[in-house]
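Source file: query.cif. Holds: mmCIF, C-alpha atoms and all ligand atoms.
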data_coords
loop_
_atom_site.label_atom_id
_atom_site.label_comp_id
_atom_site.auth_asym_id
_atom_site.auth_seq_id
_atom_site.Cartn_x
_atom_site.Cartn_y
_atom_site.Cartn_z
CA MET A 30 0.00 0.00 0.00
CA ASN A 31 3.04 2.25 0.14
CA ASN A 32 2.74 5.39 -1.91
CA PRO A 33 5.68 6.04 -4.22
CA TYR A 34 5.97 9.56 -2.79
CA LEU A 35 4.25 12.09 -0.60
CA LEU A 36 2.13 14.54 -2.56
CA LEU A 37 2.68 18.09 -1.37
CA THR A 38 0.24 19.40 -3.93
CA PRO A 39 -3.19 20.92 -3.42
CA GLY A 40 -5.08 17.91 -4.72
CA PRO A 41 -5.10 15.20 -5.70
CA LEU A 42 -3.26 14.81 -2.47
CA THR A 43 -1.94 12.12 -0.18
CA THR A 44 -4.85 10.11 1.23
CA THR A 45 -4.91 7.49 3.96
CA ASP A 46 -4.73 3.78 3.18
CA THR A 47 -8.22 3.40 4.60
CA VAL A 48 -9.65 5.98 2.21
CA ARG A 49 -8.07 4.20 -0.74
CA LEU A 50 -9.17 0.80 0.57
CA ALA A 51 -12.80 1.91 0.47
CA MET A 52 -12.53 1.74 -3.33
CA MET A 53 -11.53 -1.92 -3.51
CA LYS A 54 -15.01 -3.22 -4.28
CA ASP A 55 -17.39 -2.68 -7.14
CA TRP A 56 -20.55 -1.02 -5.94
CA CYS A 57 -23.95 -0.87 -7.49
CA THR A 58 -24.97 2.63 -8.43
CA TRP A 59 -28.68 2.63 -7.77
CA ASP A 60 -29.47 0.39 -4.83
CA ASP A 61 -30.50 1.67 -1.42
CA ASP A 62 -27.19 1.00 0.30
CA TYR A 63 -25.43 3.29 -2.09
CA ASN A 64 -28.07 5.99 -2.17
CA ASN A 65 -28.08 6.07 1.62
CA ILE A 66 -24.34 6.68 1.55
CA VAL A 67 -24.87 9.56 -0.86
CA GLN A 68 -27.53 11.04 1.41
CA GLY A 69 -25.24 10.70 4.41
CA VAL A 70 -22.45 12.45 2.55
CA ARG A 71 -24.77 15.30 1.54
CA GLN A 72 -25.94 15.80 5.09
CA LYS A 73 -22.44 15.68 6.53
CA LEU A 74 -21.28 18.30 4.07
CA VAL A 75 -23.98 20.68 5.23
CA ASN A 76 -23.17 19.96 8.88
CA LEU A 77 -19.54 20.71 8.23
CA ALA A 78 -20.27 24.04 6.56
CA THR A 79 -22.79 25.59 8.95
CA LYS A 80 -24.72 25.35 12.19
CA SER A 81 -27.83 26.54 10.32
CA VAL A 82 -28.30 23.18 8.65
CA GLU A 83 -31.97 23.73 7.84
CA LYS A 84 -31.21 26.57 5.42
CA TYR A 85 -28.75 24.72 3.20
CA SER A 86 -28.54 21.65 1.01
CA ALA A 87 -25.62 19.89 -0.66
CA VAL A 88 -25.53 18.69 -4.25
CA LEU A 89 -22.79 16.55 -5.76
CA MET A 90 -21.62 16.84 -9.36
CA GLN A 91 -19.49 14.46 -11.44
CA GLY A 92 -16.12 15.69 -12.68
CA SER A 93 -13.32 17.75 -11.20
CA GLY A 94 -13.90 20.92 -9.20
CA THR A 95 -14.11 23.11 -12.28
CA PHE A 96 -17.14 21.16 -13.50
CA THR A 97 -18.97 22.13 -10.33
CA VAL A 98 -17.87 25.77 -10.67
CA GLU A 99 -19.25 25.76 -14.20
CA SER A 100 -22.47 24.08 -13.10
CA VAL A 101 -23.02 26.65 -10.35
CA ILE A 102 -22.33 29.67 -12.56
CA GLY A 103 -24.41 28.24 -15.40
CA THR A 104 -27.32 27.33 -13.14
CA VAL A 105 -27.63 30.15 -10.63
CA LEU A 106 -27.28 33.14 -12.95
CA PRO A 107 -30.55 33.98 -14.68
CA GLU A 108 -30.55 35.12 -18.28
CA ASP A 109 -30.59 38.77 -17.28
CA GLY A 110 -28.11 38.30 -14.44
CA LYS A 111 -24.75 39.99 -14.24
CA LEU A 112 -21.77 38.49 -12.48
CA LEU A 113 -18.96 40.39 -10.82
CA VAL A 114 -15.90 38.20 -10.36
CA ILE A 115 -13.21 39.26 -7.94
CA ALA A 116 -10.06 37.77 -9.43
CA ASN A 117 -6.53 37.68 -8.09
CA GLY A 118 -5.19 34.50 -9.56
CA VAL A 119 -5.81 31.76 -12.07
CA TYR A 120 -8.86 30.31 -10.33
CA GLY A 121 -10.60 33.67 -10.05
CA HIS A 122 -9.97 34.33 -13.72
CA ARG A 123 -11.26 30.85 -14.54
CA ILE A 124 -14.65 31.74 -13.05
CA ALA A 125 -14.80 34.79 -15.32
CA LYS A 126 -13.77 32.70 -18.32
CA ILE A 127 -16.54 30.20 -17.62
CA SER A 128 -19.10 32.95 -17.18
CA ASN A 129 -18.09 34.69 -20.41
CA LYS A 130 -18.14 31.42 -22.31
CA LEU A 131 -21.69 30.81 -21.11
CA GLY A 132 -22.69 34.19 -22.51
CA ILE A 133 -23.31 35.68 -19.08
CA ASN A 134 -22.82 39.40 -18.64
CA THR A 135 -19.58 39.41 -16.66
CA VAL A 136 -17.33 42.04 -15.12
CA VAL A 137 -14.02 41.35 -13.45
CA LEU A 138 -12.54 43.20 -10.53
CA GLU A 139 -8.89 42.47 -11.00
CA SER A 140 -6.71 42.63 -7.98
CA GLY A 141 -2.97 42.01 -7.77
CA GLU A 142 -1.84 38.46 -7.20
CA VAL A 143 0.38 39.26 -4.25
CA GLU A 144 -1.23 42.32 -2.67
CA GLY A 145 -4.29 42.27 -0.46
CA LEU A 146 -7.68 43.02 -1.97
CA ASP A 147 -8.72 46.69 -2.13
CA LEU A 148 -12.23 46.58 -0.66
CA ASN A 149 -13.00 50.19 -1.59
CA ARG A 150 -12.83 49.23 -5.23
CA LEU A 151 -15.44 46.55 -4.62
CA THR A 152 -17.74 49.03 -2.91
CA ASN A 153 -17.31 51.50 -5.80
CA GLN A 154 -18.02 48.88 -8.40
CA LEU A 155 -21.22 47.73 -6.69
CA GLU A 156 -22.27 51.32 -6.08
CA ASN A 157 -21.76 52.28 -9.73
CA ASP A 158 -23.14 49.18 -11.42
CA PRO A 159 -26.59 48.33 -10.08
CA ASP A 160 -27.06 45.69 -12.82
CA ILE A 161 -24.73 43.33 -10.98
CA THR A 162 -26.78 40.52 -9.42
CA HIS A 163 -24.11 38.06 -8.24
CA VAL A 164 -20.58 38.33 -6.87
CA ALA A 165 -18.06 35.47 -7.01
CA ILE A 166 -14.74 35.11 -5.26
CA VAL A 167 -12.18 32.38 -4.59
CA HIS A 168 -11.49 31.76 -0.90
CA CYS A 169 -8.00 30.28 -0.98
CA GLU A 170 -6.46 31.32 -4.31
CA THR A 171 -4.49 28.13 -4.69
CA THR A 172 -2.23 29.62 -7.35
CA THR A 173 -0.53 31.94 -4.86
CA GLY A 174 -1.71 30.52 -1.55
CA MET A 175 -3.54 33.73 -0.67
CA LEU A 176 -6.55 33.52 1.63
CA ASN A 177 -9.05 36.11 0.45
CA PRO A 178 -11.08 38.01 3.09
CA ILE A 179 -14.46 36.43 2.34
CA GLU A 180 -15.99 37.84 5.50
CA LYS A 181 -15.20 41.48 4.72
CA VAL A 182 -16.27 40.92 1.12
CA SER A 183 -19.54 39.42 2.33
CA LYS A 184 -20.42 42.53 4.33
CA ILE A 185 -20.08 44.68 1.21
CA VAL A 186 -21.81 42.20 -1.09
CA LYS A 187 -24.77 41.95 1.29
CA THR A 188 -24.95 45.72 1.85
CA TYR A 189 -25.76 45.84 -1.85
CA ASN A 190 -28.01 42.77 -1.65
CA LYS A 191 -26.17 40.61 -4.15
CA ILE A 192 -26.05 36.84 -4.31
CA TYR A 193 -22.70 35.62 -2.98
CA ILE A 194 -20.79 32.71 -4.58
CA VAL A 195 -17.57 31.39 -3.05
CA ASP A 196 -15.14 28.96 -4.64
CA ALA A 197 -13.79 27.35 -1.47
CA MET A 198 -12.34 24.42 -3.38
CA SER A 199 -9.06 24.33 -1.51
CA SER A 200 -10.28 25.53 1.88
CA LEU A 201 -13.59 23.90 2.81
CA GLY A 202 -12.89 21.35 5.53
CA GLY A 203 -9.45 22.82 6.22
CA VAL A 204 -10.35 26.32 7.38
CA GLU A 205 -13.05 27.02 9.94
CA LEU A 206 -16.04 28.90 8.58
CA ASP A 207 -19.83 29.02 8.79
CA ILE A 208 -21.52 29.78 5.49
CA ASP A 209 -24.64 31.14 7.17
CA ASP A 210 -22.65 33.56 9.35
CA LEU A 211 -20.79 34.57 6.19
CA GLN A 212 -24.09 34.93 4.29
CA ILE A 213 -22.79 32.76 1.48
CA ASP A 214 -25.48 31.62 -0.95
CA TYR A 215 -23.36 29.09 -2.85
CA ILE A 216 -20.10 27.52 -1.76
CA ILE A 217 -18.16 25.13 -3.97
CA SER A 218 -15.55 22.48 -3.21
CA SER A 219 -14.45 19.05 -4.38
CA ALA A 220 -13.70 15.57 -3.11
CA ASN A 221 -9.94 15.70 -3.36
CA LYS A 222 -8.90 18.72 -1.35
CA CYS A 223 -9.20 19.43 2.39
CA ILE A 224 -11.69 16.64 3.02
CA GLU A 225 -8.93 14.34 1.73
CA GLY A 226 -10.85 12.09 -0.63
CA VAL A 227 -9.81 11.07 -4.12
CA PRO A 228 -10.71 13.02 -7.28
CA GLY A 229 -13.92 12.38 -9.22
CA PHE A 230 -16.62 14.78 -8.13
CA GLY A 231 -17.24 18.24 -6.78
CA PHE A 232 -20.08 19.65 -4.74
CA ALA A 233 -21.93 22.84 -3.97
CA ILE A 234 -23.70 23.72 -0.75
CA VAL A 235 -26.60 25.94 -1.67
CA LYS A 236 -28.94 28.19 0.27
CA THR A 237 -32.18 26.40 -0.50
CA GLU A 238 -34.36 29.50 -0.53
CA GLU A 239 -32.22 31.08 -3.26
CA PHE A 240 -31.58 27.91 -5.21
CA GLU A 241 -35.31 27.19 -5.52
CA LYS A 242 -35.47 30.17 -7.89
CA CYS A 243 -32.97 28.65 -10.34
CA GLN A 244 -35.03 25.96 -12.01
CA ASP A 245 -34.93 27.21 -15.59
CA ASN A 246 -31.51 28.83 -15.78
CA ALA A 247 -29.14 26.02 -16.76
CA ARG A 248 -27.26 26.40 -20.02
CA SER A 249 -26.27 22.72 -20.13
CA ILE A 250 -27.92 19.37 -19.53
CA SER A 251 -25.09 17.50 -17.82
CA LEU A 252 -24.10 20.53 -15.73
CA ASP A 253 -27.65 21.44 -14.73
CA LEU A 254 -27.06 21.70 -11.00
CA TYR A 255 -30.73 22.31 -10.26
CA ASP A 256 -31.87 19.16 -12.02
CA GLN A 257 -29.08 17.22 -10.33
CA TRP A 258 -30.22 18.56 -6.94
CA LYS A 259 -33.93 17.86 -7.53
CA THR A 260 -33.14 14.29 -8.52
CA MET A 261 -31.01 13.77 -5.40
CA GLU A 262 -33.67 15.37 -3.24
CA GLU A 263 -36.64 13.53 -4.67
CA GLN A 264 -35.06 10.15 -5.31
CA ASN A 265 -33.09 9.63 -2.10
CA GLY A 266 -29.62 10.55 -3.32
CA LYS A 267 -29.87 9.28 -6.89
CA TRP A 268 -27.46 10.79 -9.41
CA ARG A 269 -28.95 11.53 -12.83
CA PHE A 270 -26.12 9.91 -14.76
CA THR A 271 -23.44 7.33 -13.88
CA SER A 272 -22.06 8.27 -10.52
CA PRO A 273 -18.45 7.85 -9.38
CA THR A 274 -19.37 5.06 -6.95
CA HIS A 275 -15.85 4.19 -5.79
CA VAL A 276 -14.96 7.81 -5.29
CA VAL A 277 -18.10 8.41 -3.25
CA ARG A 278 -17.31 5.45 -0.98
CA ALA A 279 -13.80 6.78 -0.47
CA PHE A 280 -15.23 10.21 0.27
CA ALA A 281 -17.64 8.82 2.86
CA GLN A 282 -14.64 7.21 4.55
CA ALA A 283 -12.71 10.50 4.32
CA LEU A 284 -15.59 12.32 6.03
CA LYS A 285 -15.58 9.72 8.79
CA GLU A 286 -11.86 10.23 9.27
CA LEU A 287 -12.35 13.99 9.37
CA GLU A 288 -14.80 13.46 12.25
CA GLU A 289 -12.38 11.10 13.99
CA GLU A 290 -9.65 13.70 13.73
CA GLY A 291 -11.89 16.05 15.70
CA GLY A 292 -13.65 17.90 12.90
CA VAL A 293 -12.68 20.95 10.91
CA SER A 294 -11.15 22.81 13.87
CA GLN A 295 -8.63 20.04 14.50
CA ARG A 296 -7.85 19.60 10.85
CA ALA A 297 -7.39 23.34 10.48
CA ALA A 298 -4.99 23.28 13.42
CA ARG A 299 -2.95 20.49 11.81
CA TYR A 300 -2.76 22.35 8.50
CA LYS A 301 -1.79 25.59 10.24
CA ASN A 302 0.96 23.81 12.09
CA ASN A 303 2.18 22.16 8.86
CA GLN A 304 2.27 25.49 7.09
CA LYS A 305 4.06 27.24 9.95
CA THR A 306 6.67 24.47 10.15
CA LEU A 307 7.15 24.66 6.40
CA SER A 308 7.34 28.41 6.13
CA GLU A 309 9.70 28.88 9.07
CA GLY A 310 11.94 26.02 7.96
CA MET A 311 12.11 27.29 4.39
CA LYS A 312 12.99 30.79 5.56
CA GLN A 313 15.83 29.32 7.59
CA LEU A 314 17.05 27.63 4.43
CA GLY A 315 17.01 30.98 2.63
CA PHE A 316 13.75 30.66 0.70
CA GLU A 317 11.38 33.59 0.66
CA PRO A 318 7.57 33.20 0.56
CA ILE A 319 5.91 35.53 -1.95
CA LEU A 320 3.10 36.61 0.39
CA SER A 321 3.19 38.51 3.64
CA GLU A 322 2.02 36.44 6.58
CA ASP A 323 -1.34 38.19 6.95
CA LEU A 324 -2.34 37.09 3.42
CA GLN A 325 -0.95 33.57 3.61
CA SER A 326 -3.36 30.61 3.76
CA PRO A 327 -2.63 27.51 5.84
CA ILE A 328 -3.05 25.38 2.68
CA ILE A 329 -0.25 26.02 0.23
CA THR A 330 2.76 28.35 0.12
CA SER A 331 4.50 29.92 -2.86
CA PHE A 332 8.22 30.59 -2.66
CA TYR A 333 10.48 32.62 -4.92
CA TYR A 334 13.19 30.70 -6.68
CA PRO A 335 16.39 31.09 -4.66
CA LYS A 336 18.66 33.84 -5.91
CA THR A 337 21.14 31.58 -7.62
CA GLU A 338 22.00 31.95 -11.24
CA ASN A 339 21.41 28.42 -12.28
CA PHE A 340 18.52 27.29 -10.13
CA GLU A 341 16.39 25.04 -12.25
CA PHE A 342 13.00 24.05 -10.98
CA VAL A 343 13.00 20.73 -12.87
CA VAL A 344 16.23 19.65 -11.25
CA PHE A 345 14.98 20.69 -7.83
CA TYR A 346 11.67 18.93 -8.48
CA ASN A 347 13.25 15.70 -9.69
CA LYS A 348 15.71 15.51 -6.81
CA LEU A 349 12.94 15.97 -4.27
CA LYS A 350 10.83 13.39 -6.05
CA GLU A 351 13.72 10.92 -5.80
CA LYS A 352 13.71 11.61 -2.08
CA GLY A 353 9.98 10.92 -1.87
CA PHE A 354 8.37 14.36 -2.10
CA VAL A 355 6.38 15.85 -4.93
CA ILE A 356 6.06 19.63 -4.93
CA TYR A 357 4.31 21.92 -7.36
CA PRO A 358 5.43 24.42 -9.99
CA GLY A 359 4.42 28.06 -9.55
CA LYS A 360 1.42 29.61 -11.22
CA VAL A 361 1.91 33.31 -10.54
CA LEU A 362 1.98 35.39 -13.68
CA ASP A 363 5.22 37.35 -13.68
CA LEU A 364 7.18 35.67 -10.95
CA ASP A 365 9.51 32.69 -10.78
CA THR A 366 7.97 30.68 -8.00
CA PHE A 367 7.25 27.16 -6.88
CA ARG A 368 4.63 25.92 -4.46
CA ILE A 369 4.49 23.48 -1.60
CA GLY A 370 1.13 22.29 -0.36
CA ASN A 371 0.62 20.98 3.14
CA ILE A 372 -2.89 19.49 3.01
CA GLY A 373 -3.74 15.79 2.79
CA ASP A 374 -2.53 13.06 5.10
CA VAL A 375 0.53 15.15 5.94
CA ARG A 376 1.87 15.82 9.41
CA GLN A 377 4.60 17.84 11.03
CA HIS A 378 7.18 15.05 10.79
CA ASN A 379 6.57 14.79 7.03
CA ILE A 380 7.27 18.50 6.67
CA GLU A 381 10.38 18.16 8.80
CA LEU A 382 11.63 15.36 6.56
CA LEU A 383 10.94 17.49 3.51
CA LEU A 384 12.93 20.37 4.98
CA LYS A 385 15.76 17.99 5.69
CA ALA A 386 15.69 16.77 2.09
CA ILE A 387 15.76 20.35 0.84
CA GLU A 388 18.65 21.15 3.15
CA GLU A 389 20.56 18.06 2.03
CA SER A 390 19.93 18.99 -1.54
CA ARG A 391 22.18 22.04 -1.33
CA TYR A 392 24.97 20.24 -3.10
CA TRP A 393 23.07 20.11 -6.35
CA LEU A 394 22.03 23.73 -6.14
CA SER A 395 24.64 26.19 -7.35
CA PRO A 396 27.71 27.14 -5.30
CA VAL A 397 26.34 30.69 -5.09
CA PHE A 398 23.39 29.33 -3.17
CA GLU A 399 25.67 27.37 -0.85
CA GLU A 400 27.60 30.51 -0.13
CA SER A 401 24.51 32.47 0.73
CA GLN A 402 23.48 29.63 3.00
CA SER A 403 26.71 29.45 4.93
CA LYS A 404 26.62 33.10 5.96
C1 LIG A 501 -8.47 22.89 -7.29
C2 LIG A 501 -9.22 24.14 -7.47
C3 LIG A 501 -10.24 24.27 -8.43
C4 LIG A 501 -10.70 23.16 -9.33
O1 LIG A 501 -9.72 22.56 -10.02
P1 LIG A 501 -9.98 21.17 -10.76
O2 LIG A 501 -8.66 20.91 -11.40
O3 LIG A 501 -11.06 21.35 -11.74
O4 LIG A 501 -10.35 20.17 -9.71
C5 LIG A 501 -10.93 25.46 -8.48
N1 LIG A 501 -10.64 26.47 -7.66
C6 LIG A 501 -9.68 26.39 -6.73
C7 LIG A 501 -9.43 27.55 -5.84
C8 LIG A 501 -8.92 25.22 -6.61
O5 LIG A 501 -7.97 25.15 -5.68
#
Take the structure in the file and give it back as structure tokens.
Amino acid sequence: MNNPYLLLTPGPLTTTDTVRLAMMKDWCTWDDDYNNIVQGVRQKLVNLATKSVEKYSAVLMQGSGTFTVESVIGTVLPEDGKLLVIANGVYGHRIAKISNKLGINTVVLESGEVEGLDLNRLTNQLENDPDITHVAIVHCETTTGMLNPIEKVSKIVKTYNKIYIVDAMSSLGGVELDIDDLQIDYIISSANKCIEGVPGFGFAIVKTEEFEKCQDNARSISLDLYDQWKTMEEQNGKWRFTSPTHVVRAFAQALKELEEEGGVSQRAARYKNNQKTLSEGMKQLGFEPILSEDLQSPIITSFYYPKTENFEFVVFYNKLKEKGFVIYPGKVLDLDTFRIGNIGDVRQHNIELLLKAIEESRYWLSPVFEESQSK
């Protein structure tokens, strides 16, 4: 059962043996046993996201996380709706791209990838453009590792009475939040991030009162989130089309293990500790994170390339892989960066071993780097 290496990526990520074992049988897709598991998963997702469980409902959607983002945007925006997307990284821009492709009237509030969000600009935009009906933002912008201030944004969005959509793909389950306190109407995540399942489906947790109004909006059959939800609601957890049965079983096990760990607060504490260990250790080795600490998420950290002339990410990557760690290339527009994730079945000792491997790897980095290290 040994994994060839530890994934320090933001999903798919390292899962437990027990989560993977849950997939070792072939399960029927429509019988009661299975549908009851689906219903249990849906209820647990709501419980995990809010205390106000009666106001929300969870709906699962086949595909990777982006499929669920597309199904939410395409289903909740009415024909005459207008979406404002707050974008400060690849995932924010992807929401805008989806919305434009679907022919939805879309405006983008672009914010720098490494600076904090300017909330006054959001207020101005909502003040000056009353046609806007919905606002979307990414919670943890996984491309940089920035945690966007969804609570402050919510206050402004709700002052102007807009529907609030949050892509919390890489934070739900790993960062404490309550979607009712945050007045979030739609929150999106997927199986293979902080809940630590394997990839194969995403999900949205929807405010039922709002979602009930979305029956005729969908611009797609397979990504019609409303139809998917109605079918699950009315037919005890039935998926409309072939469901990822093995992945759902693994996810149910992952949710059980999240509970056993002590719930989201304990998992969040583990991730925070991982990130702190990583960030402090890397700084000691001379690596600089691209974000200031107040913007940094506990999920994934971007570092500048070290200031050596011949640092090559591929070499660095391959050496670490040989030593049993897979890290991630950067995704920030104009900067040379790489990323290290710390979610998944990853604990402090794993991070300490990674730091040791990076330290030991000095000999294959350039002499210039060694010099700067020995100061
Ligand atoms: C992972 C992720 C997604 C979805 O990516 P997929 O590759 O489609 O699973 C969307 N938004 C954020 C913030 C993510 O981290």
Open item on the list: Please list as an MDAnalysis selection string every residue within 10 Å of A:Pro159, counting all atoms listed in the file and excluding residues in the same chain fewer than 3 positions away.
Closed with: chainID A and resid 111 154:156 162 189 191
Surroundings of ligand LIG 501 (chain A) up to 6 Å, based on all atoms listed in the file, as a PDB file with C-alpha atoms, in the frame of the given file:
ATOM      1  CA  SER A  93     -13.320  17.750 -11.200  1.00  0.00           C
ATOM      2  CA  GLY A  94     -13.900  20.920  -9.200  1.00  0.00           C
ATOM      3  CA  THR A  95     -14.110  23.110 -12.280  1.00  0.00           C
ATOM      4  CA  TYR A 120      -8.860  30.310 -10.330  1.00  0.00           C
ATOM      5  CA  VAL A 167     -12.180  32.380  -4.590  1.00  0.00           C
ATOM      6  CA  CYS A 169      -8.000  30.280  -0.980  1.00  0.00           C
ATOM      7  CA  GLU A 170      -6.460  31.320  -4.310  1.00  0.00           C
ATOM      8  CA  THR A 171      -4.490  28.130  -4.690  1.00  0.00           C
ATOM      9  CA  ASP A 196     -15.140  28.960  -4.640  1.00  0.00           C
ATOM     10  CA  MET A 198     -12.340  24.420  -3.380  1.00  0.00           C
ATOM     11  CA  SER A 199      -9.060  24.330  -1.510  1.00  0.00           C
TER      12      SER A 199
END
Open item on the list: Under the rule that all atoms listed in the file are counted, which of A:Ala220, A:Val67, A:Ile234, A:Met52 is the nearest residue to A:Ile208?
Closed with: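 Using all atoms listed in the file, A:Ile208 sits closest to A:Ile234.
Comparing A:Leu362, A:Val119, A:Ala51, A:Val88 by their smallest distance to A:Asn265, the closest is A:Val88 (using only C-alpha atoms).
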Task: Counting all atoms listed in the file, the option among A:Pro273, A:Gly132, A:Pro228, A:Gly292 closest to A:Lys73 - done: A:Gly292
Task: Spatial neighbours of A:Gly145, 9 Å, all atoms listed in the file, chain gap at least 3 places, as a PyMOL selection string - done: chain A and resi 140-142+175+177-178+323-324
TODO: Show which residues sit within 10 Å of A:Val293, as a count of residues only. Count only C-alpha atoms, and ignore same-chain residues fewer than 3 positions away.
DONE: 17
Task: Residue with smallest distance to A:Ser100 - pool A:Leu131, A:Ile369, A:Val186, A:Val136, counting only C-alpha atoms - done: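 Going through A:Leu131, A:Ile369, A:Val186, A:Val136 one by one, the smallest distance to A:Ser100 is for A:Leu131.
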Open item on the list: I'd like to know which of A:Thr43, A:Asn190, A:Gln91, A:Ser200 is closest to A:Trp268, using only C-alpha atoms.
Closed with: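 Result for the nearest residue to A:Trp268: A:Gln91.
Nearest to A:His275 of all the residues A:Leu382, A:Val235, A:Leu106, A:Val227 is A:Val227, based on only C-alpha atoms.
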Would you compute, for all listed atoms of stretch 261-267 of chain A, the axis-aligned bounding box grown by 8 Å on each side, and then report its centre and edge lengths in Å rounded to one decimal, as lines of an AutoDock Vina configuration file?
center_x = -33.1
center_y = 12.3
center_z = -4.5
size_x = 23.0
size_y = 22.1
size_z = 20.8
Open item on the list: If I take atom CA of A:Lys267 and atom CA of A:Cys57, how far is one from the other in Å, to one decimal?
Closed with: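 Taking atom CA of A:Lys267 as the start and atom CA of A:Cys57 as the end point, the length is 11.8 Å.
Here atom CA of A:Asp209 stands at a distance of 8.6 Å from atom CA of A:Tyr85.
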TODO: Might you pull out every residue within 12 Å of A:Thr152, with all atoms listed in the file counted and same-chain residues fewer than 4 positions away left off, and present them as a PyMOL selection string?
DONE: chain A and resi 113+115+138+146-148+156-159+164+181-189+191
Open item on the list: Need the shell around A:Thr135: protein/DNA/RNA residues with any atom at most 9 Å away, counting only C-alpha atoms. Skip same-chain ones fewer than 5 positions apart. Format as a list in words?
Closed with: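 The residues that qualify are Gly110, Lys111, Leu112, Leu113, Val114, Ala125, Ser128, Asn129 and Ile161 of chain A.
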Task: Point-to-point distance from atom CA of A:Lys126 to atom CA of A:Val143, Å rounded to tenths - done: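 For atom CA of A:Lys126 relative to atom CA of A:Val143, the distance reads 21.0 Å.
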With N, CA and C atoms as the atom set, please write stretch 139-151 of chain A from the structure just given, as a PDB file, in the first residue's frame.
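Result went into part28.pdb, see below:
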ATOM      1  N   GLU A 139     -10.221  43.085 -11.063  1.00  0.00           N
ATOM      2  CA  GLU A 139      -8.894  42.475 -11.000  1.00  0.00           C
ATOM      3  C   GLU A 139      -8.115  43.060  -9.851  1.00  0.00           C
ATOM      4  N   SER A 140      -7.505  42.169  -9.109  1.00  0.00           N
ATOM      5  CA  SER A 140      -6.710  42.628  -7.985  1.00  0.00           C
ATOM      6  C   SER A 140      -5.366  41.942  -8.113  1.00  0.00           C
ATOM      7  N   GLY A 141      -4.314  42.575  -7.620  1.00  0.00           N
ATOM      8  CA  GLY A 141      -2.968  42.015  -7.771  1.00  0.00           C
ATOM      9  C   GLY A 141      -2.862  40.637  -7.145  1.00  0.00           C
ATOM     10  N   GLU A 142      -1.952  39.839  -7.686  1.00  0.00           N
ATOM     11  CA  GLU A 142      -1.841  38.462  -7.197  1.00  0.00           C
ATOM     12  C   GLU A 142      -1.141  38.355  -5.849  1.00  0.00           C
ATOM     13  N   VAL A 143      -0.361  39.380  -5.504  1.00  0.00           N
ATOM     14  CA  VAL A 143       0.383  39.262  -4.248  1.00  0.00           C
ATOM     15  C   VAL A 143       0.051  40.356  -3.238  1.00  0.00           C
ATOM     16  N   GLU A 144      -0.805  41.305  -3.633  1.00  0.00           N
ATOM     17  CA  GLU A 144      -1.234  42.322  -2.670  1.00  0.00           C
ATOM     18  C   GLU A 144      -2.620  41.950  -2.148  1.00  0.00           C
ATOM     19  N   GLY A 145      -2.954  42.501  -1.000  1.00  0.00           N
ATOM     20  CA  GLY A 145      -4.291  42.267  -0.458  1.00  0.00           C
ATOM     21  C   GLY A 145      -5.336  42.971  -1.315  1.00  0.00           C
ATOM     22  N   LEU A 146      -6.562  42.493  -1.192  1.00  0.00           N
ATOM     23  CA  LEU A 146      -7.678  43.021  -1.967  1.00  0.00           C
ATOM     24  C   LEU A 146      -8.032  44.441  -1.517  1.00  0.00           C
ATOM     25  N   ASP A 147      -8.314  45.335  -2.478  1.00  0.00           N
ATOM     26  CA  ASP A 147      -8.724  46.692  -2.130  1.00  0.00           C
ATOM     27  C   ASP A 147     -10.255  46.724  -2.053  1.00  0.00           C
ATOM     28  N   LEU A 148     -10.779  46.716  -0.845  1.00  0.00           N
ATOM     29  CA  LEU A 148     -12.226  46.585  -0.664  1.00  0.00           C
ATOM     30  C   LEU A 148     -13.000  47.824  -1.114  1.00  0.00           C
ATOM     31  N   ASN A 149     -12.326  48.972  -1.113  1.00  0.00           N
ATOM     32  CA  ASN A 149     -13.003  50.186  -1.592  1.00  0.00           C
ATOM     33  C   ASN A 149     -13.381  50.072  -3.068  1.00  0.00           C
ATOM     34  N   ARG A 150     -12.534  49.400  -3.806  1.00  0.00           N
ATOM     35  CA  ARG A 150     -12.830  49.231  -5.235  1.00  0.00           C
ATOM     36  C   ARG A 150     -14.081  48.377  -5.416  1.00  0.00           C
ATOM     37  N   LEU A 151     -14.244  47.387  -4.547  1.00  0.00           N
ATOM     38  CA  LEU A 151     -15.440  46.549  -4.623  1.00  0.00           C
ATOM     39  C   LEU A 151     -16.683  47.385  -4.323  1.00  0.00           C
TER      40      LEU A 151
END
